[in-house]
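Have a look at data-v3.tsv; it's TSV, C-alpha atoms and all ligand atoms:
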chain	number	residue	atom	x	y	z
P	3	MET	CA	25.15	75.68	17.51
P	4	ARG	CA	25.93	78.98	19.19
P	5	ARG	CA	29.45	80.31	19.80
P	6	ILE	CA	30.49	83.31	21.86
P	7	GLU	CA	33.66	85.03	20.61
P	8	GLY	CA	35.38	88.16	21.94
P	9	TYR	CA	37.44	90.67	19.93
P	10	ALA	CA	39.78	93.29	21.41
P	11	ILE	CA	42.92	95.16	20.49
P	12	VAL	CA	45.08	96.10	23.46
P	13	SER	CA	48.27	98.07	24.03
P	14	ALA	CA	51.45	96.36	25.28
P	15	ASP	CA	50.18	97.07	28.82
P	16	GLY	CA	46.74	95.53	28.18
P	17	MET	CA	44.63	98.68	27.70
P	18	ILE	CA	41.72	99.19	25.28
P	19	ALA	CA	41.39	102.96	25.75
P	20	ASP	CA	42.90	105.92	27.61
P	21	ALA	CA	41.68	107.13	31.02
P	22	LYS	CA	39.01	109.30	29.37
P	23	GLY	CA	37.56	106.35	27.43
P	24	ALA	CA	39.00	107.35	24.05
P	25	MET	CA	40.75	104.77	21.87
P	26	PRO	CA	44.11	106.33	20.89
P	27	ASP	CA	45.50	106.12	17.35
P	28	SER	CA	48.44	104.10	18.73
P	29	ILE	CA	46.19	101.02	19.00
P	30	ARG	CA	44.17	101.64	15.84
P	31	ASN	CA	45.41	99.55	12.92
P	32	ALA	CA	43.97	98.98	9.44
P	33	ALA	CA	44.89	95.28	9.30
P	34	ASP	CA	43.30	94.66	12.69
P	35	GLN	CA	40.18	96.58	11.59
P	36	ARG	CA	39.98	94.36	8.49
P	37	PHE	CA	40.31	91.26	10.68
P	38	LEU	CA	37.54	92.58	12.97
P	39	GLN	CA	35.17	93.71	10.22
P	40	GLU	CA	35.50	90.43	8.27
P	41	SER	CA	34.90	88.45	11.47
P	42	LEU	CA	31.82	90.52	12.31
P	43	ASP	CA	30.48	89.96	8.79
P	44	ARG	CA	30.40	86.22	9.60
P	45	ALA	CA	28.77	86.72	13.02
P	46	ALA	CA	25.05	86.34	13.65
P	47	ALA	CA	25.01	89.28	16.08
P	48	VAL	CA	27.27	91.79	17.83
P	49	VAL	CA	27.12	92.63	21.55
P	50	HIS	CA	28.70	95.75	23.09
P	51	GLY	CA	28.35	98.37	25.80
P	52	ARG	CA	26.78	101.74	25.21
P	53	HIS	CA	30.14	103.47	24.59
P	54	SER	CA	31.47	100.99	22.05
P	55	HIS	CA	30.86	100.45	18.34
P	56	GLU	CA	32.83	98.75	15.57
P	57	GLY	CA	32.24	101.47	12.96
P	58	GLY	CA	32.69	100.73	9.28
P	59	PRO	CA	30.25	100.82	6.34
P	60	ARG	CA	28.37	97.60	7.26
P	61	ALA	CA	27.68	98.37	10.94
P	62	ALA	CA	24.05	99.39	10.38
P	63	LEU	CA	23.33	96.03	8.70
P	64	ARG	CA	24.43	93.97	11.71
P	65	LYS	CA	22.03	92.76	14.38
P	66	ARG	CA	23.23	93.91	17.80
P	67	LEU	CA	22.53	94.04	21.50
P	68	ILE	CA	23.66	97.25	23.20
P	69	VAL	CA	24.29	96.63	26.89
P	70	THR	CA	22.94	99.36	29.19
P	71	ARG	CA	21.41	99.90	32.62
P	72	ARG	CA	19.17	102.66	31.25
P	73	ILE	CA	16.36	100.16	30.63
P	74	THR	CA	15.15	97.31	32.85
P	75	ALA	CA	15.34	94.40	30.41
P	76	LEU	CA	15.00	94.92	26.64
P	77	ALA	CA	13.89	97.82	24.47
P	78	PRO	CA	14.15	98.94	20.85
P	79	ASP	CA	16.91	101.38	19.98
P	80	PRO	CA	15.12	104.27	18.27
P	81	ALA	CA	18.35	105.23	16.46
P	82	GLN	CA	19.23	101.77	15.10
P	83	PRO	CA	16.52	99.46	13.66
P	84	ASN	CA	18.77	96.36	13.82
P	85	ALA	CA	19.69	96.92	17.49
P	86	LEU	CA	18.04	96.23	20.83
P	87	LEU	CA	19.02	97.82	24.15
P	88	TRP	CA	19.63	95.04	26.69
P	89	ASN	CA	20.13	94.96	30.46
P	90	PRO	CA	21.58	91.53	31.43
P	91	LEU	CA	20.12	91.90	34.94
P	92	GLY	CA	16.59	91.97	33.51
P	93	MET	CA	16.76	89.32	30.77
P	94	SER	CA	18.92	86.31	29.88
P	95	LEU	CA	21.23	86.42	26.87
P	96	ASP	CA	19.31	83.55	25.25
P	97	ARG	CA	16.01	85.37	25.49
P	98	ALA	CA	17.48	88.69	24.30
P	99	LEU	CA	19.00	86.94	21.27
P	100	ALA	CA	15.68	85.21	20.53
P	101	GLU	CA	13.94	88.60	20.63
P	102	LEU	CA	16.59	89.85	18.19
P	103	GLY	CA	15.71	86.93	15.91
P	104	ILE	CA	19.00	85.07	16.45
P	105	GLY	CA	19.18	81.29	16.78
P	106	ASP	CA	22.47	79.54	15.95
P	107	GLY	CA	25.70	81.24	14.94
P	108	THR	CA	28.51	83.27	16.41
P	109	ILE	CA	27.83	86.08	18.87
P	110	ALA	CA	30.69	88.59	18.66
P	111	VAL	CA	31.42	90.49	21.89
P	112	ILE	CA	33.37	93.69	21.16
P	113	GLY	CA	33.64	95.47	24.52
P	114	GLY	CA	34.18	97.57	26.47
P	115	ARG	CA	35.85	96.52	29.71
P	116	GLU	CA	32.84	95.45	31.77
P	117	VAL	CA	31.10	93.72	28.88
P	118	PHE	CA	34.31	91.80	28.00
P	119	SER	CA	34.50	90.78	31.68
P	120	VAL	CA	30.86	89.69	32.09
P	121	PHE	CA	31.30	87.26	29.19
P	122	LEU	CA	34.55	85.68	30.49
P	123	PRO	CA	32.84	82.45	31.68
P	124	LEU	CA	31.10	82.06	28.30
P	125	TYR	CA	33.74	82.60	25.59
P	126	HIS	CA	34.36	79.75	23.19
P	127	ALA	CA	37.13	81.95	21.77
P	128	PHE	CA	38.70	85.33	22.51
P	129	HIS	CA	40.71	87.03	19.77
P	130	LEU	CA	43.26	89.20	21.58
P	131	SER	CA	45.04	91.58	19.21
P	132	ARG	CA	48.04	93.47	20.53
P	133	ALA	CA	49.69	96.70	19.40
P	134	ALA	CA	53.06	95.85	20.90
P	135	ASN	CA	54.60	99.29	20.31
P	136	ALA	CA	51.86	101.20	22.18
P	137	LYS	CA	51.52	101.87	25.90
P	138	ILE	CA	48.56	103.60	27.58
P	139	PRO	CA	49.55	104.36	31.18
P	140	GLY	CA	46.49	104.78	33.40
P	141	GLY	CA	44.19	103.52	30.64
P	142	ILE	CA	41.14	101.23	30.69
P	143	GLY	CA	42.11	97.55	30.85
P	144	VAL	CA	40.49	94.99	28.57
P	145	PHE	CA	39.10	93.18	31.63
P	146	THR	CA	38.28	94.57	35.08
P	147	GLU	CA	40.84	92.13	36.54
P	148	VAL	CA	43.73	93.62	34.50
P	149	GLY	CA	46.12	95.62	36.71
P	150	PRO	CA	49.80	96.25	37.45
P	151	ASP	CA	50.34	92.57	38.30
P	152	THR	CA	47.68	90.99	36.09
P	153	THR	CA	47.88	90.84	32.29
P	154	PRO	CA	45.00	90.09	29.91
P	155	GLU	CA	46.65	86.69	29.31
P	156	ASP	CA	46.60	85.95	33.07
P	157	VAL	CA	42.86	86.67	33.09
P	158	LEU	CA	42.16	84.45	30.07
P	159	VAL	CA	44.13	81.56	31.65
P	160	ARG	CA	42.25	82.08	34.93
P	161	HIS	CA	38.98	81.68	33.04
P	162	GLY	CA	39.99	78.44	31.35
P	163	LEU	CA	41.12	79.66	27.92
P	164	ARG	CA	44.32	78.52	26.19
P	165	PRO	CA	46.34	80.41	23.54
P	166	GLY	CA	46.76	79.42	19.92
P	167	PRO	CA	49.71	80.56	17.80
P	168	ARG	CA	50.45	84.27	17.34
P	169	ARG	CA	49.47	85.54	13.89
P	170	ASP	CA	51.06	88.73	12.58
P	171	LEU	CA	48.50	91.20	11.23
P	172	ASP	CA	50.91	94.09	10.52
P	173	VAL	CA	54.58	93.31	11.13
P	174	ASP	CA	55.79	96.89	10.60
P	175	ALA	CA	53.31	98.23	13.17
P	176	GLY	CA	53.95	95.38	15.62
P	177	VAL	CA	50.30	94.27	15.56
P	178	SER	CA	49.42	90.59	15.98
P	179	VAL	CA	46.52	88.46	17.19
P	180	VAL	CA	46.28	85.36	19.36
P	181	THR	CA	43.06	83.37	19.46
P	182	TRP	CA	42.39	81.87	22.89
P	183	GLU	CA	40.03	78.91	23.08
P	184	ARG	CA	38.39	76.87	25.81
Z	201	LIG	N1	40.49	98.46	21.95
Z	201	LIG	C1	39.36	97.78	21.87
Z	201	LIG	O1	39.31	96.65	21.39
Z	201	LIG	C2	38.08	98.42	22.36
Z	201	LIG	C3	36.93	97.66	22.45
Z	201	LIG	C4	35.78	98.27	22.95
Z	201	LIG	C5	35.81	99.59	23.33
Z	201	LIG	N2	36.96	100.29	23.22
Z	201	LIG	C6	37.05	101.67	23.68
Z	201	LIG	O2	36.98	101.66	25.08
Z	201	LIG	C7	36.19	102.77	25.50
Z	201	LIG	C8	35.70	102.56	26.88
Z	201	LIG	O3	34.92	101.41	26.97
Z	201	LIG	P1	33.94	101.25	28.19
Z	201	LIG	O4	34.36	99.99	28.87
Z	201	LIG	O5	33.83	102.48	29.00
Z	201	LIG	O6	32.59	101.19	27.37
Z	201	LIG	P2	31.37	100.24	27.05
Z	201	LIG	O7	31.41	98.92	27.74
Z	201	LIG	O8	31.17	100.23	25.60
Z	201	LIG	O9	30.21	101.10	27.66
Z	201	LIG	C9	30.03	101.23	29.04
Z	201	LIG	C10	28.55	101.29	29.24
Z	201	LIG	O10	27.95	100.04	28.89
Z	201	LIG	C11	26.93	99.71	29.80
Z	201	LIG	N3	27.31	98.53	30.56
Z	201	LIG	C12	28.55	98.01	30.72
Z	201	LIG	N4	28.48	96.89	31.45
Z	201	LIG	C13	27.18	96.70	31.77
Z	201	LIG	C14	26.48	95.71	32.51
Z	201	LIG	N5	27.10	94.66	33.11
Z	201	LIG	N6	25.14	95.82	32.64
Z	201	LIG	C15	24.47	96.84	32.05
Z	201	LIG	N7	25.09	97.82	31.33
Z	201	LIG	C16	26.42	97.75	31.20
Z	201	LIG	C17	26.76	100.93	30.68
Z	201	LIG	O11	25.87	101.76	29.95
Z	201	LIG	P3	24.82	102.78	30.64
Z	201	LIG	O12	25.67	103.90	31.13
Z	201	LIG	O13	23.91	103.14	29.51
Z	201	LIG	O14	24.14	102.01	31.73
Z	201	LIG	C18	28.14	101.55	30.68
Z	201	LIG	O15	28.14	102.92	30.96
Z	201	LIG	C19	35.15	102.87	24.43
Z	201	LIG	O16	34.59	104.14	24.39
Z	201	LIG	C20	35.94	102.53	23.17
Z	201	LIG	O17	36.54	103.71	22.65
Z	201	LIG	C21	38.09	99.74	22.75

Could you write out this structure as structure tokens?
Amino acid sequence: MRRIEGYAIVSADGMIADAKGAMPDSIRNAADQRFLQESLDRAAAVVHGRHSHEGGPRAALRKRLIVTRRITALAPDPAQPNALLWNPLGMSLDRALAELGIGDGTIAVIGGREVFSVFLPLYHAFHLSRAANAKIPGGIGVFTEVGPDTTPEDVLVRHGLRPGPRRDLDVDAGVSVVTWER
């Protein structure tokens, strides 16, 4: 069986990065990174846009699709042997994953904004971490629909997901995670 799961950490105002596309230290957290890295270790493949990457010592070992419009359908990534460049307009997700050698298992979607949004109809689960003490005015929202009157939670509800309990990851830093499921 295949599952699609999203992972993001957002500021109190629902942002994943500042206006220039940089992820500020205020939403970086070691406990959240541990949660992410351990989750990705269990995933069959990682999917992200060309400006995103999870980092960490095991990144090169993970199979991944890098979403880009620079190619028409699917192409090798000369810099990363375990990665393929993928344009969703040119090839289905199923076929791209088959080309990557992936059958069953969890596909972890790790951003950025447009990639998180494209997958909204498909998530079995979305793990929304929040750095409650951080605000990023004018930043990049986790979904394209996030705005002054629309929170990430509004968007997840709109797309048929329901929240589980809040789990504290780092109480002192005000960082927690809620897993939303369909
Ligand atoms: N806080 C978090 O959890 C989190 C998560 C992810 C990222 N971030 C941060 O957020 C920053 C900004 O993210 P971002 O949203 O600008 O970056 P992104 O999604 O990683 O990269 C954007 C690029 O991905 C490709 N792309 C996106 N959607 C596509 C689509 N539907 N079809 C084809 N290609 C598509 C395009 O690449 P081409 O230009 O090659 O066509 C686009 O320029 C990142 O740099 C990272 O620092 C934070």

*Counting all atoms listed in the file, what is within 9 Å of P:Ile29, bar same-chain residues fewer than 4 positions away, as number ranges by chain?*
P: 11-13, 18-19, 25, 132-137, 177

*Counting only C-alpha atoms and all ligand atoms, the option among P:Arg71, P:Arg5, P:His126, P:Arg36 closest to ligand LIG 201 (chain Z)*: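 Using only C-alpha atoms and all ligand atoms, ligand LIG 201 (chain Z) sits closest to P:Arg71.
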
Sorted per-residue table, chain P near ligand LIG 201 (chain Z), closest atoms and distance, 7 Å, all atoms listed in the file, as a Markdown table:
| residue | atom | partner | partner_atom | distance |
| --- | --- | --- | --- | --- |
| P:Tyr9 | CA | Z:LIG201 | O1 | 6.4 |
| P:Ala10 | CA | Z:LIG201 | O1 | 3.4 |
| P:Ile11 | CA | Z:LIG201 | O1 | 4.0 |
| P:Val12 | CA | Z:LIG201 | N1 | 5.4 |
| P:Ile18 | CA | Z:LIG201 | N1 | 3.6 |
| P:Ala19 | CA | Z:LIG201 | O2 | 4.6 |
| P:Gly23 | CA | Z:LIG201 | C8 | 4.3 |
| P:Ala24 | CA | Z:LIG201 | O17 | 4.6 |
| P:Met25 | CA | Z:LIG201 | O17 | 4.4 |
| P:Ile29 | CA | Z:LIG201 | N1 | 6.9 |
| P:His50 | CA | Z:LIG201 | O8 | 5.7 |
| P:Gly51 | CA | Z:LIG201 | O8 | 3.4 |
| P:Arg52 | CA | Z:LIG201 | O10 | 4.2 |
| P:His53 | CA | Z:LIG201 | O8 | 3.5 |
| P:Ser54 | CA | Z:LIG201 | O8 | 3.6 |
| P:Val69 | CA | Z:LIG201 | N7 | 4.7 |
| P:Thr70 | CA | Z:LIG201 | N7 | 3.4 |
| P:Arg71 | CA | Z:LIG201 | O14 | 3.6 |
| P:Arg72 | CA | Z:LIG201 | O14 | 5.0 |
| P:Asn89 | CA | Z:LIG201 | C15 | 5.0 |
| P:Pro90 | CA | Z:LIG201 | N6 | 5.7 |
| P:Leu91 | CA | Z:LIG201 | N6 | 6.8 |
| P:Ile112 | CA | Z:LIG201 | C4 | 5.5 |
| P:Gly113 | CA | Z:LIG201 | C4 | 3.9 |
| P:Gly114 | CA | Z:LIG201 | O7 | 3.3 |
| P:Arg115 | CA | Z:LIG201 | O4 | 3.9 |
| P:Glu116 | CA | Z:LIG201 | N4 | 4.6 |
| P:Val117 | CA | Z:LIG201 | N4 | 4.8 |
| P:Val120 | CA | Z:LIG201 | N5 | 6.3 |
| P:Ile142 | CA | Z:LIG201 | C8 | 6.8 |

_Applying 9 Å and all atoms listed in the file, which residues near P:Gly140 remain after dropping the ones on its own chain fewer than 5 positions away? List them as an MDAnalysis selection string._
chainID P and resid 17 20:21

*Name the residues in contact with P:Ile109 at a cut-off of 10 Å, using all atoms listed in the file, excluding same-chain residues fewer than 2 positions from it; report them as a PyMOL selection string.*
chain P and resi 4-8+42+44-49+65-67+99+104+106-107+111-112+125

*Looking at only C-alpha atoms, which of P:Val180, P:Ala62, P:Ser94, P:Ser131 is the one that sits closest to P:Leu76?*
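Smallest distance to P:Leu76 is found for P:Ser94.
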
*What gap, in Å, lies between atom CA of P:Pro167 and atom CA of P:Ser41?*
17.9 Å

*Of the residues P:Ile68, P:Val179, P:Val157, P:Pro80, which is the one nearest to P:Leu38, using only C-alpha atoms?*
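Nearest candidate to P:Leu38 out of P:Ile68, P:Val179, P:Val157, P:Pro80: P:Val179.
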
_Computed interatomic separation between atom CA of P:Phe121 and atom CA of P:Pro154 (Å)_ =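 These two atoms are separated by 14.0 Å.
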
*Would you list the residues near (33.8, 97.2, 6.1), meaning any protein, DNA or RNA residue with an atom at most 8 Å from that point in file coordinates, counting only C-alpha atoms, as a list in words?*
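Those residues, ordered by chain and then number, are Arg36, Gln39, Glu40, Gly58, Pro59, Arg60 and Ala61 of chain P.
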
*asked:* When you count only C-alpha atoms, which of these residues is closest to P:Phe145: P:Pro78, P:Arg168, P:Ser28, P:Gly16?
replied: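 Distance minimum relative to P:Phe145 lands on P:Gly16.
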
*Using all atoms listed in the file, give me every residue within 9 Å of (14.1, 90.7, 18.7) in file coordinates, as a count of residues only.*
12
